[in-house]
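Okay, run-v5.cif is below, mmCIF, C-alpha atoms:
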```cif
data_query
#
loop_
_atom_site.label_atom_id
_atom_site.label_comp_id
_atom_site.auth_asym_id
_atom_site.auth_seq_id
_atom_site.Cartn_x
_atom_site.Cartn_y
_atom_site.Cartn_z
CA MET Z 1 2.65 5.48 -10.22
CA ASP Z 2 6.40 6.06 -10.26
CA ASP Z 3 7.34 8.76 -12.76
CA ASP Z 4 10.92 8.89 -11.47
CA PHE Z 5 11.56 5.20 -12.00
CA ALA Z 6 15.21 4.42 -12.68
CA PRO Z 7 15.80 1.92 -15.50
CA HIS Z 8 16.10 -1.78 -14.66
CA ASP Z 9 19.64 -3.06 -13.99
CA ASP Z 10 19.55 -5.04 -17.22
CA ALA Z 11 19.20 -1.75 -19.08
CA LYS Z 12 22.97 -1.47 -19.21
CA ARG Z 13 22.48 -2.77 -22.75
CA ALA Z 14 20.20 0.17 -23.52
CA HIS Z 15 21.99 3.44 -24.11
CA ASP Z 16 21.90 6.78 -25.85
CA SER Z 17 23.39 6.78 -29.32
CA ARG Z 18 23.77 8.93 -32.39
CA VAL Z 19 24.05 6.30 -35.09
CA THR Z 20 26.46 7.10 -37.87
CA ALA Z 21 26.25 5.78 -41.39
CA GLN Z 22 29.51 3.92 -40.76
CA TRP Z 23 27.84 1.22 -38.67
CA ALA Z 24 24.14 1.77 -39.33
CA ILE Z 25 24.37 -0.40 -42.45
CA MET Z 26 22.42 -3.61 -42.17
CA SER Z 27 21.37 -6.58 -44.24
CA ASP Z 28 18.34 -5.82 -46.39
CA SER Z 29 17.27 -9.43 -46.81
CA PRO Z 30 16.01 -12.05 -44.37
CA GLU Z 31 18.85 -14.30 -45.54
CA GLY Z 32 21.52 -11.70 -44.64
CA THR Z 33 23.92 -12.34 -41.81
CA GLY Z 34 24.40 -8.72 -40.72
CA PRO Z 35 22.78 -7.08 -37.71
CA ILE Z 36 19.07 -6.34 -37.83
CA HIS Z 37 18.14 -2.72 -37.09
CA ILE Z 38 14.67 -1.83 -35.84
CA MET Z 39 13.35 1.72 -35.93
CA GLY Z 40 11.20 2.26 -32.84
CA ALA Z 41 11.37 0.78 -29.32
CA GLY Z 42 7.63 0.59 -28.77
CA LEU Z 43 5.56 -2.57 -28.44
CA SER Z 44 5.82 -3.71 -32.07
CA GLY Z 45 9.55 -3.03 -32.36
CA LEU Z 46 10.33 -4.72 -29.04
CA ALA Z 47 8.16 -7.73 -29.92
CA SER Z 48 10.22 -8.22 -33.09
CA ALA Z 49 13.45 -7.73 -31.18
CA ILE Z 50 12.59 -10.35 -28.55
CA ILE Z 51 11.83 -13.07 -31.09
CA LEU Z 52 14.82 -12.28 -33.30
CA ALA Z 53 17.28 -12.04 -30.40
CA LYS Z 54 16.01 -15.31 -28.94
CA ALA Z 55 16.73 -16.89 -32.34
CA GLY Z 56 20.34 -15.75 -32.09
CA LYS Z 57 20.19 -12.71 -34.35
CA GLU Z 58 22.15 -9.55 -33.60
CA VAL Z 59 19.43 -6.97 -33.02
CA HIS Z 60 19.74 -3.21 -32.58
CA VAL Z 61 16.63 -1.22 -31.68
CA HIS Z 62 16.72 2.57 -32.15
CA ASP Z 63 14.37 5.16 -30.69
CA ILE Z 64 14.51 8.95 -30.83
CA ARG Z 65 13.18 9.19 -27.27
CA ALA Z 66 14.98 8.67 -23.98
CA ASP Z 67 13.24 5.40 -23.10
CA SER Z 68 10.55 2.97 -24.16
CA GLY Z 69 7.17 4.40 -23.19
CA ALA Z 70 8.50 7.97 -23.01
CA ARG Z 71 5.92 8.96 -25.61
CA PHE Z 72 3.32 8.28 -22.90
CA ASP Z 73 3.16 9.66 -19.39
CA GLY Z 74 1.68 7.05 -17.09
CA ASP Z 75 -1.71 6.95 -18.79
CA PHE Z 76 -3.85 3.82 -18.84
CA GLN Z 77 -4.76 1.99 -22.04
CA ALA Z 78 -7.13 -0.90 -22.64
CA LEU Z 79 -6.44 -4.27 -24.20
CA GLU Z 80 -9.84 -5.34 -25.47
CA ASN Z 81 -10.58 -9.05 -25.44
CA TRP Z 82 -13.69 -9.45 -27.56
CA SER Z 83 -12.75 -8.90 -31.21
CA MET Z 84 -11.06 -12.28 -31.63
CA ASP Z 85 -11.83 -15.76 -30.34
CA VAL Z 86 -8.41 -16.27 -28.75
CA ASP Z 87 -7.44 -14.48 -25.53
CA PHE Z 88 -4.60 -12.00 -26.12
CA PHE Z 89 -2.61 -13.22 -23.12
CA GLN Z 90 -2.84 -16.74 -24.52
CA GLN Z 91 -1.34 -15.38 -27.73
CA LEU Z 92 1.46 -13.70 -25.79
CA GLU Z 93 2.31 -17.00 -24.14
CA GLU Z 94 2.29 -18.85 -27.47
CA TRP Z 95 4.66 -16.24 -28.94
CA GLY Z 96 7.05 -16.64 -26.00
CA PHE Z 97 6.36 -13.39 -24.13
CA ASP Z 98 6.04 -13.17 -20.34
CA ALA Z 99 2.95 -11.15 -19.40
CA SER Z 100 3.96 -11.24 -15.73
CA GLU Z 101 6.66 -8.68 -16.57
CA PHE Z 102 4.05 -5.91 -16.51
CA ARG Z 103 0.94 -5.08 -14.53
CA ALA Z 104 -2.43 -5.83 -16.12
CA THR Z 105 -5.73 -5.36 -14.29
CA GLU Z 106 -8.64 -7.48 -15.53
CA PHE Z 107 -12.26 -6.33 -15.78
CA GLN Z 108 -15.27 -8.52 -16.52
CA VAL Z 109 -17.84 -5.78 -15.91
CA VAL Z 110 -17.86 -2.38 -17.60
CA ASP Z 111 -20.18 0.59 -17.08
CA LEU Z 112 -21.74 1.44 -20.45
CA ILE Z 113 -22.92 5.04 -20.38
CA HIS Z 114 -25.63 5.87 -22.91
CA PRO Z 115 -25.92 9.33 -24.51
CA ASP Z 116 -28.95 10.09 -22.30
CA ASP Z 117 -26.84 9.35 -19.16
CA VAL Z 118 -28.36 5.93 -18.50
CA ILE Z 119 -25.70 3.60 -17.08
CA THR Z 120 -25.90 -0.12 -17.78
CA GLN Z 121 -23.35 -2.90 -17.30
CA PRO Z 122 -22.18 -5.28 -20.01
CA LYS Z 123 -20.61 -8.24 -18.22
CA SER Z 124 -19.12 -11.60 -19.02
CA ASP Z 125 -17.53 -14.62 -17.38
CA ARG Z 126 -14.61 -13.90 -19.70
CA VAL Z 127 -12.15 -11.03 -19.39
CA ALA Z 128 -13.58 -8.02 -21.23
CA TYR Z 129 -10.71 -5.58 -20.75
CA ARG Z 130 -7.20 -5.66 -19.40
CA ILE Z 131 -5.91 -2.26 -18.36
CA VAL Z 132 -2.18 -1.63 -18.66
CA GLU Z 133 -0.17 1.45 -17.93
CA ARG Z 134 2.03 3.05 -20.59
CA GLY Z 135 5.21 4.91 -19.77
CA THR Z 136 8.61 4.49 -18.15
CA ALA Z 137 7.61 3.17 -14.72
CA ASP Z 138 8.76 -0.35 -13.86
CA HIS Z 139 5.30 -1.93 -14.03
CA THR Z 140 4.31 -0.56 -17.45
CA ILE Z 141 3.89 -2.79 -20.49
CA ASP Z 142 6.56 -0.76 -22.30
CA GLN Z 143 9.18 -1.50 -19.65
CA GLY Z 144 8.07 -5.12 -19.34
CA MET Z 145 8.68 -5.68 -23.06
CA LYS Z 146 11.95 -3.74 -22.88
CA ARG Z 147 13.28 -5.99 -20.13
CA GLN Z 148 12.42 -9.08 -22.15
CA ALA Z 149 14.20 -7.67 -25.23
CA ILE Z 150 17.34 -6.92 -23.23
CA ALA Z 151 17.24 -10.35 -21.56
CA ALA Z 152 16.96 -11.98 -25.00
CA GLY Z 153 20.14 -10.21 -26.09
CA ALA Z 154 18.89 -7.19 -28.06
CA THR Z 155 20.73 -3.87 -27.78
CA ILE Z 156 18.54 -0.79 -27.47
CA HIS Z 157 19.83 2.65 -28.50
CA TYR Z 158 17.81 5.55 -27.11
CA LYS Z 159 18.05 9.12 -28.41
CA SER Z 160 19.18 7.48 -31.62
CA ARG Z 161 18.15 8.80 -35.02
CA VAL Z 162 18.40 6.42 -37.96
CA ALA Z 163 17.17 6.67 -41.52
CA GLU Z 164 14.23 4.52 -42.51
CA LYS Z 165 16.19 3.15 -45.45
CA ASP Z 166 18.87 1.80 -43.07
CA CYS Z 167 16.45 -0.32 -41.03
CA THR Z 168 14.74 -3.64 -41.65
CA ILE Z 169 11.75 -3.17 -39.36
CA ILE Z 170 9.92 0.17 -39.14
CA ALA Z 171 7.97 0.41 -35.88
CA CYS Z 172 7.36 4.12 -35.31
CA GLY Z 173 4.52 6.04 -33.75
CA PRO Z 174 2.24 8.58 -35.42
CA LYS Z 175 3.50 10.89 -38.18
CA ARG Z 176 0.29 12.87 -38.72
CA THR Z 177 -2.96 13.41 -36.81
CA SER Z 178 -6.27 11.65 -37.46
CA ALA Z 179 -7.68 11.92 -33.93
CA VAL Z 180 -6.63 13.16 -30.49
CA ALA Z 181 -7.28 12.25 -26.87
CA TYR Z 182 -7.10 14.44 -23.76
CA GLY Z 183 -7.12 13.11 -20.22
CA GLU Z 184 -6.54 13.89 -16.57
CA ILE Z 185 -4.77 11.53 -14.17
CA PHE Z 186 -5.80 11.82 -10.54
CA LYS Z 187 -5.55 10.16 -7.16
CA THR Z 188 -8.73 8.64 -5.75
CA SER Z 189 -10.00 6.44 -2.95
CA HIS Z 190 -12.58 4.92 -5.33
CA PRO Z 191 -12.21 1.16 -5.94
CA ASN Z 192 -11.05 -0.19 -9.29
CA HIS Z 193 -13.58 0.68 -11.97
CA ILE Z 194 -13.98 1.16 -15.70
CA ALA Z 195 -16.66 3.11 -17.58
CA PHE Z 196 -17.15 3.69 -21.30
CA GLN Z 197 -19.33 6.55 -22.50
CA MET Z 198 -20.81 7.19 -25.92
CA ASN Z 199 -21.68 10.87 -26.11
CA ASP Z 200 -21.16 12.94 -29.26
CA LYS Z 201 -21.04 16.22 -27.35
CA LEU Z 202 -18.33 15.25 -24.87
CA ALA Z 203 -16.39 13.12 -27.37
CA PRO Z 204 -17.18 14.15 -30.97
CA GLY Z 205 -17.41 11.06 -33.15
CA ALA Z 206 -15.84 8.92 -30.46
CA TYR Z 207 -16.15 8.14 -26.75
CA SER Z 208 -14.93 9.08 -23.29
CA TYR Z 209 -13.89 6.77 -20.49
CA LEU Z 210 -13.06 6.47 -16.81
CA ILE Z 211 -10.43 4.01 -15.55
CA ILE Z 212 -9.47 3.54 -11.92
CA VAL Z 213 -6.72 1.11 -10.92
CA ASN Z 214 -5.09 0.89 -7.49
CA GLY Z 215 -5.97 4.39 -6.32
CA VAL Z 216 -5.09 6.15 -9.58
CA GLY Z 217 -7.74 7.28 -12.05
CA LEU Z 218 -7.87 8.55 -15.62
CA ILE Z 219 -10.72 10.44 -17.23
CA CYS Z 220 -10.21 10.82 -20.95
CA THR Z 221 -12.14 12.10 -23.93
CA CYS Z 222 -11.33 11.25 -27.54
CA LEU Z 223 -11.96 13.64 -30.41
CA TRP Z 224 -12.37 12.33 -33.96
CA ARG Z 225 -13.22 15.84 -35.19
CA LYS Z 226 -10.79 18.78 -35.00
CA GLN Z 227 -11.90 21.36 -32.44
CA SER Z 228 -11.03 24.83 -31.25
CA LYS Z 229 -10.71 25.34 -27.47
CA SER Z 230 -10.40 21.58 -27.16
CA GLU Z 231 -9.71 21.69 -23.40
CA ARG Z 232 -13.41 22.41 -22.85
CA PHE Z 233 -14.23 18.85 -23.90
CA LEU Z 234 -12.06 17.42 -21.13
CA ASN Z 235 -13.38 19.88 -18.55
CA GLU Z 236 -16.97 19.05 -19.44
CA THR Z 237 -16.24 15.32 -19.42
CA ILE Z 238 -14.65 15.51 -15.96
CA ALA Z 239 -17.64 17.52 -14.72
CA TRP Z 240 -19.98 14.84 -16.07
CA TYR Z 241 -18.15 12.02 -14.28
CA GLU Z 242 -17.95 13.95 -11.02
CA LYS Z 243 -21.72 14.49 -11.12
CA HIS Z 244 -22.60 10.86 -11.88
CA TYR Z 245 -19.88 9.23 -9.78
CA PRO Z 246 -20.12 11.31 -6.58
CA ASP Z 247 -17.64 9.09 -4.69
CA LEU Z 248 -14.89 9.78 -7.20
CA ASP Z 249 -12.88 11.82 -4.67
CA ARG Z 250 -10.71 13.23 -7.50
CA MET Z 251 -7.33 14.80 -6.65
CA PRO Z 252 -5.71 15.87 -9.97
CA ILE Z 253 -2.08 14.95 -10.64
CA LYS Z 254 -1.49 15.87 -14.27
CA ARG Z 255 -3.09 16.14 -17.67
CA VAL Z 256 -2.04 13.98 -20.59
CA GLY Z 257 -2.80 13.70 -24.27
CA GLY Z 258 -1.88 11.94 -27.45
CA LYS Z 259 -2.86 11.45 -31.03
CA GLY Z 260 -3.65 8.66 -33.43
CA ASP Z 261 -2.55 8.33 -37.04
CA PHE Z 262 -4.79 5.98 -39.04
CA THR Z 263 -3.56 4.70 -42.39
CA ILE Z 264 -4.10 1.87 -44.87
CA ASN Z 265 -1.04 0.53 -46.68
CA GLN Z 266 -1.04 -0.99 -50.12
CA ARG Z 267 2.17 -2.82 -49.18
CA TYR Z 268 3.38 -3.88 -45.74
CA LYS Z 269 6.82 -4.97 -46.93
CA GLN Z 270 8.76 -2.70 -49.26
CA ASP Z 271 12.38 -2.90 -50.44
CA GLY Z 272 13.27 -5.36 -47.70
CA ARG Z 273 11.64 -3.27 -44.94
CA TYR Z 274 8.77 -4.47 -42.75
CA TYR Z 275 6.21 -1.91 -41.58
CA VAL Z 276 4.61 -2.98 -38.31
CA GLY Z 277 2.14 -1.58 -35.81
CA GLU Z 278 1.10 2.01 -36.37
CA SER Z 279 3.73 2.41 -39.11
CA GLY Z 280 1.84 -0.23 -41.05
CA GLY Z 281 -1.59 1.20 -40.22
CA LEU Z 282 -2.35 -1.97 -38.26
CA GLN Z 283 -4.81 -0.73 -35.67
CA ASP Z 284 -8.49 -0.21 -35.03
CA PHE Z 285 -9.95 2.79 -36.90
CA MET Z 286 -13.21 2.69 -34.96
CA TRP Z 287 -12.09 3.16 -31.35
CA GLY Z 288 -8.31 3.21 -31.59
CA PHE Z 289 -7.34 -0.14 -30.09
CA GLY Z 290 -3.87 -0.96 -31.34
CA MET Z 291 -1.67 -2.80 -28.83
CA ARG Z 292 -2.68 -6.31 -29.85
CA MET Z 293 -2.04 -5.68 -33.55
CA ALA Z 294 1.21 -3.87 -32.72
CA VAL Z 295 2.64 -6.91 -30.97
CA TRP Z 296 1.12 -9.35 -33.47
CA SER Z 297 2.58 -7.57 -36.50
CA GLY Z 298 5.97 -7.38 -34.79
CA VAL Z 299 5.84 -11.13 -34.27
CA LEU Z 300 4.94 -11.79 -37.91
CA ALA Z 301 7.78 -9.58 -39.20
CA ALA Z 302 10.29 -11.43 -37.03
CA LYS Z 303 8.97 -14.81 -38.15
CA ASP Z 304 9.33 -13.77 -41.80
CA ILE Z 305 12.97 -12.79 -41.22
CA LEU Z 306 13.52 -16.19 -39.59
CA GLY Z 307 11.98 -17.89 -42.63
CA GLU Z 308 8.86 -19.11 -40.81
CA CYS Z 309 6.20 -17.19 -42.76
CA ASP Z 310 5.61 -14.52 -45.38
CA TYR Z 311 4.84 -11.22 -43.68
CA GLU Z 312 2.77 -9.68 -46.46
CA THR Z 313 0.64 -12.82 -46.79
CA GLU Z 314 0.08 -13.27 -43.06
CA VAL Z 315 -0.78 -9.62 -42.42
CA ARG Z 316 -3.40 -9.75 -45.15
CA LYS Z 317 -4.78 -13.01 -43.82
CA GLN Z 318 -4.64 -12.48 -40.06
CA LEU Z 319 -4.81 -8.71 -39.44
CA LEU Z 320 -6.07 -6.80 -42.46
CA PRO Z 321 -9.64 -8.19 -42.31
CA TYR Z 322 -10.01 -6.65 -38.83
CA VAL Z 323 -8.50 -3.35 -39.97
CA ARG Z 324 -10.86 -3.18 -42.94
CA THR Z 325 -13.82 -3.93 -40.66
CA SER Z 326 -12.76 -1.10 -38.37
CA VAL Z 327 -12.55 1.29 -41.35
CA ALA Z 328 -16.13 0.43 -42.27
CA ASN Z 329 -17.17 0.90 -38.64
CA ARG Z 330 -15.42 4.27 -38.48
CA TRP Z 331 -17.16 5.43 -41.66
CA LEU Z 332 -20.49 4.57 -40.06
CA MET Z 333 -19.52 6.25 -36.77
CA ASN Z 334 -18.63 9.43 -38.67
CA ARG Z 335 -22.19 9.65 -39.96
CA VAL Z 336 -24.22 9.13 -36.82
CA GLY Z 337 -24.77 10.92 -33.54
CA ASP Z 338 -26.29 10.33 -30.16
CA GLY Z 339 -29.49 8.85 -31.59
CA MET Z 340 -27.64 5.95 -33.17
CA PHE Z 341 -25.31 5.65 -30.19
CA LYS Z 342 -28.36 5.17 -27.98
CA ARG Z 343 -29.73 2.45 -30.25
CA MET Z 344 -26.34 0.72 -30.20
CA CYS Z 345 -26.30 0.72 -26.40
CA ARG Z 346 -29.83 -0.68 -26.24
CA ARG Z 347 -29.05 -3.44 -28.74
CA TRP Z 348 -25.90 -4.31 -26.81
CA MET Z 349 -27.83 -4.75 -23.55
CA LYS Z 350 -30.73 -6.57 -25.26
CA ASP Z 351 -28.26 -9.05 -26.73
CA GLN Z 352 -26.66 -9.56 -23.32
CA LYS Z 353 -30.04 -10.34 -21.79
CA LYS Z 354 -30.67 -12.90 -24.52
CA ARG Z 355 -27.25 -14.60 -24.45
CA GLY Z 356 -26.07 -14.00 -20.90
CA ASP Z 357 -22.74 -12.65 -22.18
CA GLY Z 358 -22.05 -8.97 -22.82
CA LEU Z 359 -19.12 -9.63 -25.13
CA VAL Z 360 -21.00 -11.40 -27.93
CA TRP Z 361 -22.66 -8.32 -29.45
CA ILE Z 362 -19.61 -6.07 -29.30
CA GLY Z 363 -17.47 -8.92 -30.63
CA LYS Z 364 -19.66 -9.23 -33.71
CA LEU Z 365 -19.33 -5.50 -34.32
CA PHE Z 366 -15.54 -5.86 -34.56
CA LYS Z 367 -15.35 -9.14 -36.46
CA PRO Z 368 -15.01 -9.24 -40.26
CA SER Z 369 -18.06 -9.93 -42.42
CA TRP Z 370 -18.78 -9.84 -46.14
CA TYR Z 371 -20.88 -6.67 -45.92
CA LYS Z 372 -18.25 -4.80 -43.90
CA THR Z 373 -15.66 -5.81 -46.51
CA LEU Z 374 -17.94 -4.54 -49.28
CA LEU Z 375 -18.54 -1.29 -47.39
CA TYR Z 376 -14.80 -0.86 -46.90
CA HIS Z 377 -14.14 -1.01 -50.65
CA LEU Z 378 -17.01 1.39 -51.34
CA VAL Z 379 -16.07 4.10 -48.84
CA THR Z 380 -12.26 4.19 -48.69
CA PRO Z 381 -11.84 6.24 -51.91
CA PHE Z 382 -13.83 9.04 -50.23
CA MET Z 383 -12.60 8.55 -46.67
CA LEU Z 384 -8.81 8.31 -47.03
CA GLU Z 385 -6.23 10.61 -48.61
CA LYS Z 386 -3.02 9.56 -50.38
CA ASP Z 387 0.27 10.15 -48.58
CA PRO Z 388 2.89 11.29 -51.14
CA LYS Z 389 5.76 10.66 -48.66
CA ALA Z 390 5.20 6.94 -48.12
CA MET Z 391 8.28 5.67 -49.99
CA GLY Z 392 6.22 3.85 -52.59
CA ARG Z 393 4.06 1.89 -50.15
CA GLY Z 394 0.76 3.29 -51.36
CA VAL Z 395 -0.30 4.74 -47.99
CA ARG Z 396 -3.72 6.34 -47.61
CA ARG Z 397 -4.43 8.31 -44.43
CA MET Z 398 -7.61 9.22 -42.60
CA PRO Z 399 -7.56 13.03 -42.22
CA PHE Z 400 -8.55 14.83 -39.04
CA ARG Z 401 -12.16 15.69 -39.87
CA LYS Z 402 -13.63 19.16 -39.53
CA ALA Z 403 -15.84 20.10 -36.61
CA LYS Z 404 -19.62 20.11 -37.00
CA SER Z 405 -21.86 23.00 -36.06
CA ARG Z 406 -23.13 21.03 -33.05
CA ASP Z 407 -19.57 20.99 -31.66
CA VAL Z 408 -19.79 24.71 -30.87
CA TRP Z 409 -21.00 25.24 -27.31
CA GLU Z 410 -20.02 27.02 -24.10
CA GLN Z 411 -18.82 25.21 -21.02
CA SER Z 412 -21.19 24.64 -18.13
CA PRO Z 413 -20.45 26.39 -14.82
CA GLU Z 414 -19.28 23.05 -13.44
CA ALA Z 415 -16.84 22.59 -16.32
CA GLU Z 416 -15.53 26.16 -15.92
CA LYS Z 417 -14.88 25.36 -12.26
CA ILE Z 418 -12.93 22.25 -13.29
CA GLY Z 419 -10.86 24.37 -15.68
CA LYS Z 420 -10.09 26.97 -12.98
CA GLN Z 421 -9.13 24.16 -10.59
CA TRP Z 422 -6.64 22.85 -13.13
CA ASP Z 423 -5.25 26.35 -13.79
CA GLU Z 424 -4.43 26.64 -10.08
CA ILE Z 425 -2.79 23.20 -10.06
CA ARG Z 426 -0.78 24.06 -13.17
CA ARG Z 427 0.48 27.28 -11.59
CA GLY Z 428 1.55 25.19 -8.62
CA GLY Z 429 3.61 22.88 -10.81
CA GLY Z 430 0.95 20.60 -12.30
CA LYS Z 431 2.18 18.98 -15.49
CA ILE Z 432 0.58 18.92 -18.93
CA SER Z 433 1.93 16.18 -21.15
CA PHE Z 434 0.60 16.50 -24.66
CA ALA Z 435 4.09 16.09 -25.99
CA ASN Z 436 5.31 16.38 -29.55
CA ASP Z 437 4.85 12.65 -29.82
CA SER Z 438 5.08 12.51 -33.58
CA ASP Z 439 7.91 10.42 -34.93
CA ASP Z 440 8.33 13.00 -37.67
CA SER Z 441 10.16 15.93 -36.06
CA SER Z 442 8.67 18.32 -38.58
CA ILE Z 443 5.13 17.56 -37.46
CA SER Z 444 3.79 19.37 -34.43
CA SER Z 445 1.27 17.65 -32.21
CA GLU Z 446 -0.39 20.89 -31.25
#
```

Take the structure in this file and express it as structure tokens.
Amino acid sequence: MDDDFAPHDDAKRAHDSRVTAQWAIMSDSPEGTGPIHIMGAGLSGLASAIILAKAGKEVHVHDIRADSGARFDGDFQALENWSMDVDFFQQLEEWGFDASEFRATEFQVVDLIHPDDVITQPKSDRVAYRIVERGTADHTIDQGMKRQAIAAGATIHYKSRVAEKDCTIIACGPKRTSAVAYGEIFKTSHPNHIAFQMNDKLAPGAYSYLIIVNGVGLICTCLWRKQSKSERFLNETIAWYEKHYPDLDRMPIKRVGGKGDFTINQRYKQDGRYYVGESGGLQDFMWGFGMRMAVWSGVLAAKDILGECDYETEVRKQLLPYVRTSVANRWLMNRVGDGMFKRMCRRWMKDQKKRGDGLVWIGKLFKPSWYKTLLYHLVTPFMLEKDPKAMGRGVRRMPFRKAKSRDVWEQSPEAEKIGKQWDEIRRGGGKISFANDSDDSSISSE
């Protein structure tokens, strides 16, 4: 992990800029000949930029942060590989992206931790997960995509604020909060490993996980219900993993956090603007997977501008069925607890024993079906709230749900010890990075 990584030499095309109205004007139609301005230098914005620049378009990408990936702080994220029949890296190759530009660690076996602490192992001959790092270090997926955009001829303007109305592609991060995640990054001598835990106490309405790659680990808990004293959930989760993985050899480096903003759009293209990735609500409501849809939607927006497809049509055909399925899954997850989580884990392992492949059952859970579509239409009026500031796009947002009575508990002695350990590290210079990562400066992430 290299938090002090200096930008790649090619980054001479990426610079700080305060864009003025004088030159921030752009063509509002795919047929226009003016420069194309993209708001957001994350995965979806950079994916669009690469394809457009390769096609000879003048592309300017603007981001309010100092670099691509600056919203993150070296935390690991998972690219799941079960929800669709095609491998994501095969898609990247077909779209013209070079996956060798960033580090991705493959896992075919995952520890599945049941609510009663039983640990089983879904496994497959196929890749189940690819773990990538997010941030500004050279090997992160953010920097890998940035290098490809610069090499294709795009110009990236960091610390650059532009108005949404002056851009063709809107590829921003979260504006509000629907869920949060808290994690601790640590050094370890433990070999590469990944574990996924379903436990409603440690991760209300969601899950926790352990990822270890090349001597660096991340323990994270996700909260789909708003909590007071939320640090206790991370402390208790770390204590749980230390107890059940005694060889963890954890040496804390820093604590990280982030939030998710889950929305459904009535329109994905409005007044000549394309809304991609999280700005378009194109992500998984159930467990928060979003990188594949971020890149995919960026590709589709670029192809529309180049006259190769219709963005609205293709999003509704290729991506929206999966989003709607995830909304239905999230509605169900909001109404169950550890009892149902245990039954899910058992069914998952029973199906693996029958088929010899641990990805089949979980893949079916994520894939569209007629009854999930029906459930989606039935529950969304009660589950989502209208966003009055969506510039006419008909955006409905999943609110951060209230805590349940079972979420009120005191930390165990082991968790209190973990908290005191972190307090000492923080006093010694340990970093907490739950930044104001909203792309709306008026919205606090606290």

Counting only C-alpha atoms, which residues sit no farther than 8 Å from the position (-12.5, 0.3, -13.4) in the file's frame? I'd like them as a JSON list (two decimals) with C-alpha atoms, in the frame of the given file.
```
[["chain", "number", "residue", "atom", "x", "y", "z"],
["Z", 107, "PHE", "CA", -12.26, -6.33, -15.78],
["Z", 110, "VAL", "CA", -17.86, -2.38, -17.60],
["Z", 191, "PRO", "CA", -12.21, 1.16, -5.94],
["Z", 192, "ASN", "CA", -11.05, -0.19, -9.29],
["Z", 193, "HIS", "CA", -13.58, 0.68, -11.97],
["Z", 194, "ILE", "CA", -13.98, 1.16, -15.70],
["Z", 195, "ALA", "CA", -16.66, 3.11, -17.58],
["Z", 210, "LEU", "CA", -13.06, 6.47, -16.81],
["Z", 211, "ILE", "CA", -10.43, 4.01, -15.55],
["Z", 212, "ILE", "CA", -9.47, 3.54, -11.92],
["Z", 213, "VAL", "CA", -6.72, 1.11, -10.92]]
```

Can you tell me which residues surround region 132-138 of chain Z at a distance of at most 7 Å, considering only C-alpha atoms, apart from same-chain residues fewer than 5 positions away, and format the answer as a PDB file with C-alpha atoms, in the frame of the given file?
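Wrote result.pdb, looks like this:
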```pdb
ATOM      1  CA  ASP Z   2       6.400   6.060 -10.260  1.00  0.00           C
ATOM      2  CA  ASP Z   3       7.340   8.760 -12.760  1.00  0.00           C
ATOM      3  CA  PHE Z   5      11.560   5.200 -12.000  1.00  0.00           C
ATOM      4  CA  ASP Z  67      13.240   5.400 -23.100  1.00  0.00           C
ATOM      5  CA  SER Z  68      10.550   2.970 -24.160  1.00  0.00           C
ATOM      6  CA  GLY Z  69       7.170   4.400 -23.190  1.00  0.00           C
ATOM      7  CA  ALA Z  70       8.500   7.970 -23.010  1.00  0.00           C
ATOM      8  CA  PHE Z  72       3.320   8.280 -22.900  1.00  0.00           C
ATOM      9  CA  ASP Z  73       3.160   9.660 -19.390  1.00  0.00           C
ATOM     10  CA  GLY Z  74       1.680   7.050 -17.090  1.00  0.00           C
ATOM     11  CA  ASP Z  75      -1.710   6.950 -18.790  1.00  0.00           C
ATOM     12  CA  PHE Z  76      -3.850   3.820 -18.840  1.00  0.00           C
ATOM     13  CA  GLN Z  77      -4.760   1.990 -22.040  1.00  0.00           C
ATOM     14  CA  ALA Z  78      -7.130  -0.900 -22.640  1.00  0.00           C
ATOM     15  CA  ARG Z 103       0.940  -5.080 -14.530  1.00  0.00           C
ATOM     16  CA  ALA Z 104      -2.430  -5.830 -16.120  1.00  0.00           C
ATOM     17  CA  THR Z 105      -5.730  -5.360 -14.290  1.00  0.00           C
ATOM     18  CA  GLN Z 143       9.180  -1.500 -19.650  1.00  0.00           C
TER      19      GLN Z 143
END
```

**Q.** Residue neighbourhood Arg65 (chain Z), 10 Å, all atoms listed in the file, exclusion window fewer than 3 positions, as a PyMOL selection string
**A.** chain Z and resi 16+40-41+62+68-71+157-161+437+439

Q) Which is closest to Val295 (chain Z) among Z:Asp407, Z:Asp142, Z:Glu242, Z:Asp247, if we use only C-alpha atoms? A)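 Smallest distance to Val295 (chain Z) is found for Z:Asp142.
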
With 4 Å added on each side, what axis-aligned box encloses every listed atom of region 380-391 of chain Z? Give the centre and edge lengths in Å to one decimal, as JSON.
```
{"center_x": -2.8, "center_y": 7.7, "center_z": -49.3, "size_x": 30.1, "size_y": 15.1, "size_z": 13.2}
```

Q: Tell me, in Å to one decimal, how far CA of Ile156 (chain Z) is from CA of Gly45 (chain Z).
A: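 CA of Ile156 (chain Z) sits 10.5 Å away from CA of Gly45 (chain Z).
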
Q: Mind checking which residues fall within 10 Å of Gly356 (chain Z), counting only C-alpha atoms, ignoring those fewer than 6 positions away in the same chain, and posting them as a VMD selection string?
A: chain Z and resid 122 to 125 349 to 350

Q: Please provide the set of residues having any atom within 12 Å of region 89-92 of chain Z, restricted to all atoms listed in the file, with same-chain residues fewer than 2 positions apart removed, written as a ChimeraX atom specification.
A: /Z:47,50-51,79-81,84-87,94-102,104,106,127,129-130,145,291-293,295-296,298-299

Q.
Which residue is closest to Leu234 (chain Z)? Choose from Z:Arg267, Z:Ile185, Z:Gly272, Z:Glu385 and count all atoms listed in the file.
A.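 Closest to Leu234 (chain Z) of all the choices is Z:Ile185.
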